[in-house]
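Undergrad: Dropping in protein-v7.txt, with compact mmCIF, N, CA and C atoms.
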```txt
# COMPACT_ATOMS: atom_id res chain seq x y z
N MET J 525 34.38 12.09 -84.42
CA MET J 525 33.73 13.20 -83.80
C MET J 525 34.76 14.01 -83.02
N THR J 526 34.59 15.23 -83.18
CA THR J 526 35.52 16.13 -82.52
C THR J 526 34.98 16.51 -81.15
N ALA J 527 35.81 17.17 -80.42
CA ALA J 527 35.42 17.59 -79.07
C ALA J 527 34.30 18.62 -79.14
N ILE J 528 34.32 19.46 -80.15
CA ILE J 528 33.29 20.48 -80.28
C ILE J 528 31.96 19.82 -80.61
N ASP J 529 32.02 18.85 -81.48
CA ASP J 529 30.79 18.13 -81.81
C ASP J 529 30.22 17.43 -80.58
N MET J 530 31.11 16.90 -79.79
CA MET J 530 30.68 16.21 -78.58
C MET J 530 30.04 17.20 -77.61
N GLU J 531 30.67 18.38 -77.52
CA GLU J 531 30.09 19.38 -76.63
C GLU J 531 28.74 19.84 -77.14
N ASP J 532 28.60 20.03 -78.45
CA ASP J 532 27.32 20.43 -79.03
C ASP J 532 26.26 19.36 -78.75
N MET J 533 26.66 18.10 -78.88
CA MET J 533 25.74 17.01 -78.64
C MET J 533 25.32 16.98 -77.17
N GLU J 534 26.31 17.20 -76.30
CA GLU J 534 25.99 17.21 -74.87
C GLU J 534 25.09 18.39 -74.53
N ASP J 535 25.36 19.56 -75.17
CA ASP J 535 24.52 20.73 -74.94
C ASP J 535 23.09 20.46 -75.42
N LYS J 536 22.96 19.80 -76.58
CA LYS J 536 21.63 19.48 -77.11
C LYS J 536 20.91 18.52 -76.16
N GLU J 537 21.65 17.49 -75.71
CA GLU J 537 21.04 16.53 -74.79
C GLU J 537 20.67 17.21 -73.48
N SER J 538 21.56 18.08 -73.01
CA SER J 538 21.29 18.82 -71.79
C SER J 538 20.07 19.72 -71.98
N GLY J 539 19.98 20.36 -73.12
CA GLY J 539 18.82 21.22 -73.42
C GLY J 539 17.55 20.39 -73.51
N GLN J 540 17.64 19.22 -74.14
CA GLN J 540 16.47 18.35 -74.24
C GLN J 540 16.05 17.87 -72.86
N LEU J 541 17.04 17.53 -72.02
CA LEU J 541 16.72 17.11 -70.65
C LEU J 541 16.06 18.24 -69.88
N LYS J 542 16.58 19.46 -70.06
CA LYS J 542 15.98 20.61 -69.38
C LYS J 542 14.56 20.82 -69.86
N ASN J 543 14.35 20.72 -71.18
CA ASN J 543 12.99 20.86 -71.73
C ASN J 543 12.07 19.76 -71.20
N LYS J 544 12.59 18.55 -71.17
CA LYS J 544 11.80 17.42 -70.68
C LYS J 544 11.46 17.63 -69.20
N THR J 545 12.49 18.08 -68.44
CA THR J 545 12.27 18.34 -67.01
C THR J 545 11.25 19.45 -66.84
N LYS J 546 11.34 20.47 -67.65
CA LYS J 546 10.38 21.59 -67.58
C LYS J 546 8.98 21.10 -67.91
N GLU J 547 8.83 20.26 -68.92
CA GLU J 547 7.53 19.73 -69.30
C GLU J 547 6.94 18.89 -68.16
N VAL J 548 7.78 18.04 -67.59
CA VAL J 548 7.31 17.19 -66.49
C VAL J 548 6.93 18.06 -65.29
N SER J 549 7.75 19.06 -65.02
CA SER J 549 7.47 19.98 -63.91
C SER J 549 6.15 20.72 -64.15
N ASP J 550 5.92 21.17 -65.37
CA ASP J 550 4.67 21.85 -65.70
C ASP J 550 3.48 20.90 -65.53
N GLN J 551 3.66 19.65 -65.97
CA GLN J 551 2.59 18.67 -65.82
C GLN J 551 2.29 18.40 -64.34
N VAL J 552 3.34 18.32 -63.54
CA VAL J 552 3.17 18.09 -62.10
C VAL J 552 2.41 19.26 -61.48
N GLU J 553 2.77 20.48 -61.86
CA GLU J 553 2.08 21.66 -61.35
C GLU J 553 0.60 21.66 -61.76
N GLU J 554 0.35 21.26 -62.99
CA GLU J 554 -1.02 21.19 -63.48
C GLU J 554 -1.83 20.16 -62.68
N VAL J 555 -1.22 19.02 -62.44
CA VAL J 555 -1.89 17.96 -61.66
C VAL J 555 -2.13 18.44 -60.24
N LYS J 556 -1.15 19.16 -59.66
CA LYS J 556 -1.32 19.69 -58.31
C LYS J 556 -2.51 20.66 -58.26
N GLU J 557 -2.63 21.52 -59.26
CA GLU J 557 -3.75 22.47 -59.30
C GLU J 557 -5.09 21.74 -59.41
N ILE J 558 -5.13 20.73 -60.25
CA ILE J 558 -6.36 19.94 -60.39
C ILE J 558 -6.71 19.26 -59.07
N MET J 559 -5.70 18.72 -58.39
CA MET J 559 -5.94 18.06 -57.11
C MET J 559 -6.44 19.06 -56.06
N LYS J 560 -5.87 20.28 -56.06
CA LYS J 560 -6.33 21.31 -55.12
C LYS J 560 -7.80 21.64 -55.37
N LYS J 561 -8.14 21.80 -56.65
CA LYS J 561 -9.54 22.10 -56.99
C LYS J 561 -10.46 20.97 -56.56
N ASN J 562 -10.02 19.73 -56.79
CA ASN J 562 -10.84 18.58 -56.39
C ASN J 562 -11.01 18.52 -54.87
N LEU J 563 -9.95 18.81 -54.14
CA LEU J 563 -10.05 18.83 -52.68
C LEU J 563 -11.01 19.92 -52.20
N GLU J 564 -10.93 21.09 -52.84
CA GLU J 564 -11.86 22.17 -52.49
C GLU J 564 -13.30 21.75 -52.77
N LYS J 565 -13.52 21.09 -53.88
CA LYS J 565 -14.87 20.61 -54.21
C LYS J 565 -15.35 19.60 -53.18
N ILE J 566 -14.45 18.71 -52.77
CA ILE J 566 -14.82 17.70 -51.77
C ILE J 566 -15.18 18.38 -50.45
N LEU J 567 -14.40 19.36 -50.04
CA LEU J 567 -14.70 20.07 -48.79
C LEU J 567 -16.02 20.83 -48.89
N ASP J 568 -16.25 21.47 -50.03
CA ASP J 568 -17.53 22.17 -50.23
C ASP J 568 -18.69 21.19 -50.17
N ARG J 569 -18.53 20.04 -50.79
CA ARG J 569 -19.58 19.03 -50.79
C ARG J 569 -19.85 18.55 -49.36
N GLU J 570 -18.78 18.37 -48.60
CA GLU J 570 -18.94 17.93 -47.20
C GLU J 570 -19.72 18.97 -46.39
N VAL J 571 -19.43 20.24 -46.62
CA VAL J 571 -20.16 21.30 -45.92
C VAL J 571 -21.63 21.27 -46.32
N ARG J 572 -21.89 21.10 -47.60
CA ARG J 572 -23.29 21.04 -48.06
C ARG J 572 -24.01 19.83 -47.48
N ILE J 573 -23.32 18.71 -47.40
CA ILE J 573 -23.92 17.49 -46.84
C ILE J 573 -24.24 17.71 -45.36
N GLU J 574 -23.32 18.32 -44.63
CA GLU J 574 -23.58 18.60 -43.22
C GLU J 574 -24.78 19.52 -43.07
N HIS J 575 -24.86 20.54 -43.93
CA HIS J 575 -26.01 21.45 -43.89
C HIS J 575 -27.30 20.71 -44.19
N LEU J 576 -27.27 19.83 -45.18
CA LEU J 576 -28.46 19.03 -45.49
C LEU J 576 -28.86 18.14 -44.33
N GLN J 577 -27.89 17.58 -43.64
CA GLN J 577 -28.20 16.75 -42.48
C GLN J 577 -28.85 17.57 -41.38
N GLU J 578 -28.34 18.78 -41.15
CA GLU J 578 -28.93 19.66 -40.13
C GLU J 578 -30.37 20.02 -40.51
N VAL J 579 -30.57 20.39 -41.76
CA VAL J 579 -31.91 20.75 -42.21
C VAL J 579 -32.85 19.55 -42.13
N SER J 580 -32.34 18.39 -42.49
CA SER J 580 -33.13 17.17 -42.42
C SER J 580 -33.55 16.86 -40.99
N ALA J 581 -32.63 16.99 -40.05
CA ALA J 581 -32.96 16.75 -38.64
C ALA J 581 -33.98 17.76 -38.15
N TYR J 582 -33.82 19.02 -38.55
CA TYR J 582 -34.77 20.07 -38.15
C TYR J 582 -36.17 19.76 -38.71
N LEU J 583 -36.23 19.39 -39.98
CA LEU J 583 -37.52 19.07 -40.58
C LEU J 583 -38.16 17.84 -39.95
N LYS J 584 -37.35 16.87 -39.61
CA LYS J 584 -37.87 15.67 -38.95
C LYS J 584 -38.48 16.04 -37.60
N ASP J 585 -37.79 16.88 -36.85
CA ASP J 585 -38.29 17.33 -35.56
C ASP J 585 -39.60 18.09 -35.73
N LYS J 586 -39.65 18.98 -36.70
CA LYS J 586 -40.87 19.75 -36.94
C LYS J 586 -42.01 18.85 -37.41
N ALA J 587 -41.72 17.84 -38.20
CA ALA J 587 -42.76 16.91 -38.66
C ALA J 587 -43.33 16.12 -37.49
N GLU J 588 -42.46 15.69 -36.58
CA GLU J 588 -42.95 14.97 -35.40
C GLU J 588 -43.81 15.88 -34.53
N ASN J 589 -43.37 17.13 -34.37
CA ASN J 589 -44.14 18.10 -33.60
C ASN J 589 -45.50 18.35 -34.26
N PHE J 590 -45.51 18.49 -35.58
CA PHE J 590 -46.76 18.71 -36.30
C PHE J 590 -47.70 17.52 -36.14
N LYS J 591 -47.16 16.31 -36.23
CA LYS J 591 -47.98 15.11 -36.09
C LYS J 591 -48.59 15.05 -34.69
N ARG J 592 -47.79 15.33 -33.67
CA ARG J 592 -48.27 15.30 -32.30
C ARG J 592 -49.37 16.36 -32.10
N THR J 593 -49.14 17.56 -32.61
CA THR J 593 -50.12 18.64 -32.47
C THR J 593 -51.40 18.31 -33.23
N SER J 594 -51.26 17.79 -34.45
CA SER J 594 -52.46 17.47 -35.23
C SER J 594 -53.26 16.35 -34.58
N ASN J 595 -52.58 15.38 -33.96
CA ASN J 595 -53.30 14.33 -33.24
C ASN J 595 -54.06 14.91 -32.05
N ASN J 596 -53.44 15.85 -31.34
CA ASN J 596 -54.13 16.49 -30.20
C ASN J 596 -55.34 17.29 -30.68
N VAL J 597 -55.20 18.00 -31.76
CA VAL J 597 -56.32 18.78 -32.30
C VAL J 597 -57.43 17.85 -32.76
N ALA J 598 -57.08 16.78 -33.44
CA ALA J 598 -58.08 15.83 -33.92
C ALA J 598 -58.83 15.21 -32.74
N ARG J 599 -58.10 14.85 -31.70
CA ARG J 599 -58.73 14.28 -30.51
C ARG J 599 -59.66 15.30 -29.86
N SER J 600 -59.23 16.53 -29.78
CA SER J 600 -60.04 17.59 -29.18
C SER J 600 -61.34 17.79 -29.96
N TYR J 601 -61.24 17.83 -31.28
CA TYR J 601 -62.46 18.01 -32.10
C TYR J 601 -63.34 16.77 -32.04
N TRP J 602 -62.75 15.58 -31.88
CA TRP J 602 -63.57 14.38 -31.75
C TRP J 602 -64.40 14.47 -30.49
N TRP J 603 -63.79 14.92 -29.36
CA TRP J 603 -64.54 15.06 -28.12
C TRP J 603 -65.62 16.13 -28.25
N LYS J 604 -65.31 17.24 -28.91
CA LYS J 604 -66.33 18.28 -29.10
C LYS J 604 -67.49 17.72 -29.92
N ASN J 605 -67.19 16.96 -30.94
CA ASN J 605 -68.22 16.36 -31.78
C ASN J 605 -69.04 15.36 -30.97
N ALA J 606 -68.38 14.56 -30.15
CA ALA J 606 -69.09 13.58 -29.32
C ALA J 606 -70.01 14.28 -28.34
N LYS J 607 -69.54 15.36 -27.71
CA LYS J 607 -70.37 16.12 -26.77
C LYS J 607 -71.58 16.72 -27.49
N LEU J 608 -71.38 17.22 -28.69
CA LEU J 608 -72.49 17.80 -29.46
C LEU J 608 -73.53 16.73 -29.79
N ILE J 609 -73.06 15.56 -30.19
CA ILE J 609 -73.99 14.46 -30.51
C ILE J 609 -74.77 14.06 -29.26
N VAL J 610 -74.10 13.96 -28.12
CA VAL J 610 -74.79 13.61 -26.87
C VAL J 610 -75.81 14.68 -26.53
N ALA J 611 -75.48 15.95 -26.66
CA ALA J 611 -76.42 17.04 -26.37
C ALA J 611 -77.64 16.97 -27.28
N VAL J 612 -77.43 16.73 -28.57
CA VAL J 612 -78.55 16.63 -29.51
C VAL J 612 -79.43 15.43 -29.15
N VAL J 613 -78.84 14.31 -28.82
CA VAL J 613 -79.61 13.13 -28.45
C VAL J 613 -80.43 13.39 -27.19
N VAL J 614 -79.84 14.05 -26.19
CA VAL J 614 -80.56 14.38 -24.96
C VAL J 614 -81.72 15.31 -25.25
N ILE J 615 -81.51 16.32 -26.06
CA ILE J 615 -82.60 17.26 -26.40
C ILE J 615 -83.71 16.53 -27.14
N VAL J 616 -83.37 15.68 -28.09
CA VAL J 616 -84.38 14.91 -28.84
C VAL J 616 -85.15 14.01 -27.88
N LEU J 617 -84.48 13.36 -26.95
CA LEU J 617 -85.16 12.49 -25.98
C LEU J 617 -86.10 13.29 -25.08
N ILE J 618 -85.67 14.47 -24.65
CA ILE J 618 -86.55 15.32 -23.82
C ILE J 618 -87.79 15.72 -24.61
N ILE J 619 -87.63 16.07 -25.87
CA ILE J 619 -88.78 16.45 -26.70
C ILE J 619 -89.72 15.25 -26.86
N ILE J 620 -89.16 14.07 -27.10
CA ILE J 620 -89.99 12.86 -27.24
C ILE J 620 -90.74 12.57 -25.94
N VAL J 621 -90.08 12.70 -24.80
CA VAL J 621 -90.73 12.46 -23.51
C VAL J 621 -91.87 13.46 -23.30
N ILE J 622 -91.65 14.72 -23.62
CA ILE J 622 -92.70 15.74 -23.47
C ILE J 622 -93.89 15.41 -24.37
N ILE J 623 -93.60 15.01 -25.62
CA ILE J 623 -94.69 14.67 -26.55
C ILE J 623 -95.48 13.48 -26.02
N VAL J 624 -94.80 12.47 -25.51
CA VAL J 624 -95.47 11.28 -24.96
C VAL J 624 -96.31 11.66 -23.75
N LEU J 625 -95.76 12.49 -22.88
CA LEU J 625 -96.51 12.90 -21.69
C LEU J 625 -97.74 13.74 -22.05
N LEU J 626 -97.59 14.57 -23.07
CA LEU J 626 -98.75 15.36 -23.52
C LEU J 626 -99.79 14.45 -24.15
N ALA J 627 -99.36 13.45 -24.90
CA ALA J 627 -100.28 12.55 -25.58
C ALA J 627 -101.02 11.65 -24.60
N THR J 628 -100.39 11.27 -23.53
CA THR J 628 -101.05 10.39 -22.56
C THR J 628 -101.86 11.16 -21.54
N GLY J 629 -101.78 12.44 -21.53
CA GLY J 629 -102.58 13.25 -20.63
C GLY J 629 -101.96 13.47 -19.28
N VAL J 630 -100.79 13.05 -19.10
CA VAL J 630 -100.11 13.28 -17.82
C VAL J 630 -99.91 14.76 -17.62
N ILE J 631 -99.62 15.44 -18.69
CA ILE J 631 -99.50 16.90 -18.65
C ILE J 631 -100.77 17.43 -19.28
N PRO J 632 -101.60 18.16 -18.51
CA PRO J 632 -102.85 18.67 -19.09
C PRO J 632 -102.58 19.73 -20.15
N THR J 633 -103.41 19.71 -21.20
CA THR J 633 -103.22 20.66 -22.29
C THR J 633 -104.37 21.66 -22.37
N GLY J 634 -105.50 21.31 -21.88
CA GLY J 634 -106.66 22.19 -21.97
C GLY J 634 -106.81 23.00 -20.70
N PRO J 635 -107.92 23.79 -20.68
CA PRO J 635 -108.16 24.58 -19.47
C PRO J 635 -108.49 23.64 -18.31
N VAL J 636 -108.13 24.07 -17.18
CA VAL J 636 -108.38 23.27 -15.99
C VAL J 636 -109.86 23.41 -15.63
N VAL J 637 -110.51 22.28 -15.55
CA VAL J 637 -111.93 22.28 -15.24
C VAL J 637 -112.06 21.88 -13.76
N THR J 638 -112.68 22.74 -13.06
CA THR J 638 -112.94 22.42 -11.64
C THR J 638 -114.43 22.18 -11.48
N SER J 639 -114.78 21.28 -10.69
CA SER J 639 -116.20 21.01 -10.52
C SER J 639 -116.80 22.05 -9.59
N THR J 640 -117.88 22.58 -10.01
CA THR J 640 -118.57 23.64 -9.25
C THR J 640 -119.87 23.12 -8.64
N SER J 641 -119.90 21.98 -8.22
CA SER J 641 -121.11 21.47 -7.59
C SER J 641 -121.20 21.96 -6.16
N LYS J 642 -122.43 22.37 -5.83
CA LYS J 642 -122.64 22.89 -4.52
C LYS J 642 -123.27 21.81 -3.63
N PRO J 643 -122.87 21.70 -2.55
CA PRO J 643 -123.48 20.67 -1.69
C PRO J 643 -124.70 21.10 -0.98
```
Represent the supplied structure as structure tokens.

TA:
Amino acid sequence: MTAIDMEDMEDKESGQLKNKTKEVSDQVEEVKEIMKKNLEKILDREVRIEHLQEVSAYLKDKAENFKRTSNNVARSYWWKNAKLIVAVVVIVLIIIVIIVLLATGVIPTGPVVTSTSKP
């Protein structure tokens, strides 16, 4: 082998090394871009998760408030219903007492008869 052949061989090897280095460098850049995209996706996901947690806490608070309010309303209507039942029972009892008093003659129903005997 001559010196020129050796130089050509070294140039070829050097060119192949440069090509190989370029390929590896391109692959590294590609991997870096993929990693950047993945990191951005992870950060976006974290933001969405935080937002979901905030919304979840808000909804939980509103659900507890709704439950408390609905219990108060239910209790209020139960008392109104109980008062109505008591009022109806009292009215029915008064009507029954009046009917009994009229039937026994305690309350007169006819014209008042006064005796007109002269002494």

Undergrad: Quick one: distance from atom N of J:Asn595 to atom CA of J:Lys607 in Å, one decimal?

TA: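 These two atoms are separated by 19.2 Å.
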
Undergrad: Give, as JSON, the centre coordinates and the x, y and z edge lengths in Å to one decimal for an axis-aligned box around all listed atoms of stretch 553-556 of chain J, padded by 6 Å on each side.

TA:
```
{"center_x": 0.1, "center_y": 19.8, "center_z": -60.9, "size_x": 17.3, "size_y": 15.7, "size_z": 17.2}
```

Undergrad: Quick check, in Å to one decimal: how far apart do atom CA of J:Ile558 and atom N of J:Glu570 lie?

TA: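 Those two atoms sit 17.2 Å apart.
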
Undergrad: Supply stretch 597-608 of chain J as a CSV table (one decimal), in the coordinates of the input, with all heavy atoms built in where the input has gaps.

TA:
```csv
chain,number,residue,atom,x,y,z
J,597,VAL,N,-55.2,18.0,-31.8
J,597,VAL,CA,-56.3,18.8,-32.3
J,597,VAL,C,-57.4,17.8,-32.8
J,597,VAL,O,-58.6,18.1,-32.5
J,597,VAL,CB,-55.8,19.7,-33.4
J,597,VAL,CG1,-57.0,20.3,-34.2
J,597,VAL,CG2,-54.9,20.8,-32.9
J,598,ALA,N,-57.1,16.8,-33.4
J,598,ALA,CA,-58.1,15.8,-33.9
J,598,ALA,C,-58.8,15.2,-32.7
J,598,ALA,O,-60.1,15.1,-32.8
J,598,ALA,CB,-57.4,14.7,-34.8
J,599,ARG,N,-58.1,14.8,-31.7
J,599,ARG,CA,-58.7,14.3,-30.5
J,599,ARG,C,-59.7,15.3,-29.9
J,599,ARG,O,-60.8,15.0,-29.4
J,599,ARG,CB,-57.7,13.8,-29.5
J,599,ARG,CG,-58.2,13.0,-28.4
J,599,ARG,CD,-57.1,12.5,-27.5
J,599,ARG,NE,-56.1,11.8,-28.2
J,599,ARG,CZ,-54.8,12.1,-28.2
J,599,ARG,NH1,-54.4,13.2,-27.6
J,599,ARG,NH2,-53.9,11.4,-28.9
J,600,SER,N,-59.2,16.5,-29.8
J,600,SER,CA,-60.0,17.6,-29.2
J,600,SER,C,-61.3,17.8,-30.0
J,600,SER,O,-62.4,17.9,-29.4
J,600,SER,CB,-59.2,18.9,-29.1
J,600,SER,OG,-60.1,20.0,-28.8
J,601,TYR,N,-61.2,17.8,-31.3
J,601,TYR,CA,-62.5,18.0,-32.1
J,601,TYR,C,-63.3,16.8,-32.0
J,601,TYR,O,-64.6,16.9,-32.1
J,601,TYR,CB,-62.1,18.3,-33.5
J,601,TYR,CG,-61.9,19.8,-33.7
J,601,TYR,CD1,-60.6,20.4,-33.8
J,601,TYR,CD2,-63.0,20.7,-33.8
J,601,TYR,CE1,-60.4,21.7,-33.9
J,601,TYR,CE2,-62.8,22.1,-33.9
J,601,TYR,CZ,-61.5,22.6,-34.0
J,601,TYR,OH,-61.3,23.9,-34.1
J,602,TRP,N,-62.8,15.6,-31.9
J,602,TRP,CA,-63.6,14.4,-31.8
J,602,TRP,C,-64.4,14.5,-30.5
J,602,TRP,O,-65.6,14.2,-30.5
J,602,TRP,CB,-62.7,13.1,-31.7
J,602,TRP,CG,-63.5,11.9,-31.7
J,602,TRP,CD1,-63.9,11.2,-32.7
J,602,TRP,CD2,-63.9,11.2,-30.5
J,602,TRP,NE1,-64.6,10.1,-32.3
J,602,TRP,CE2,-64.6,10.0,-30.9
J,602,TRP,CE3,-63.8,11.4,-29.1
J,602,TRP,CZ2,-65.2,9.1,-30.1
J,602,TRP,CZ3,-64.4,10.5,-28.3
J,602,TRP,CH2,-65.1,9.4,-28.7
J,603,TRP,N,-63.8,14.9,-29.4
J,603,TRP,CA,-64.5,15.1,-28.1
J,603,TRP,C,-65.6,16.1,-28.2
J,603,TRP,O,-66.7,16.0,-27.7
J,603,TRP,CB,-63.6,15.4,-26.9
J,603,TRP,CG,-63.0,14.1,-26.4
J,603,TRP,CD1,-61.7,13.8,-26.4
J,603,TRP,CD2,-63.7,13.1,-25.7
J,603,TRP,NE1,-61.5,12.6,-25.8
J,603,TRP,CE2,-62.7,12.1,-25.3
J,603,TRP,CE3,-65.0,12.9,-25.3
J,603,TRP,CZ2,-63.0,11.0,-24.6
J,603,TRP,CZ3,-65.3,11.7,-24.6
J,603,TRP,CH2,-64.3,10.8,-24.3
J,604,LYS,N,-65.3,17.2,-28.9
J,604,LYS,CA,-66.3,18.3,-29.1
J,604,LYS,C,-67.5,17.7,-29.9
J,604,LYS,O,-68.7,18.0,-29.6
J,604,LYS,CB,-65.7,19.5,-29.8
J,604,LYS,CG,-64.9,20.4,-28.9
J,604,LYS,CD,-64.4,21.6,-29.7
J,604,LYS,CE,-63.5,22.4,-28.8
J,604,LYS,NZ,-63.0,23.6,-29.4
J,605,ASN,N,-67.2,17.0,-30.9
J,605,ASN,CA,-68.2,16.4,-31.8
J,605,ASN,C,-69.0,15.4,-31.0
J,605,ASN,O,-70.3,15.3,-31.1
J,605,ASN,CB,-67.6,15.7,-33.0
J,605,ASN,CG,-68.6,15.3,-34.0
J,605,ASN,OD1,-69.6,15.9,-34.2
J,605,ASN,ND2,-68.3,14.3,-34.8
J,606,ALA,N,-68.4,14.6,-30.2
J,606,ALA,CA,-69.1,13.6,-29.3
J,606,ALA,C,-70.0,14.3,-28.3
J,606,ALA,O,-71.2,13.9,-28.1
J,606,ALA,CB,-68.1,12.7,-28.6
J,607,LYS,N,-69.5,15.4,-27.7
J,607,LYS,CA,-70.4,16.1,-26.8
J,607,LYS,C,-71.6,16.7,-27.5
J,607,LYS,O,-72.7,16.7,-26.9
J,607,LYS,CB,-69.5,17.2,-26.1
J,607,LYS,CG,-68.5,16.7,-25.1
J,607,LYS,CD,-67.7,17.9,-24.6
J,607,LYS,CE,-66.5,17.4,-23.8
J,607,LYS,NZ,-65.7,18.5,-23.4
J,608,LEU,N,-71.4,17.2,-28.7
J,608,LEU,CA,-72.5,17.8,-29.5
J,608,LEU,C,-73.5,16.7,-29.8
J,608,LEU,O,-74.7,17.0,-29.7
J,608,LEU,CB,-72.0,18.4,-30.7
J,608,LEU,CG,-73.0,19.1,-31.6
J,608,LEU,CD1,-73.6,20.3,-30.9
J,608,LEU,CD2,-72.4,19.5,-32.9
```
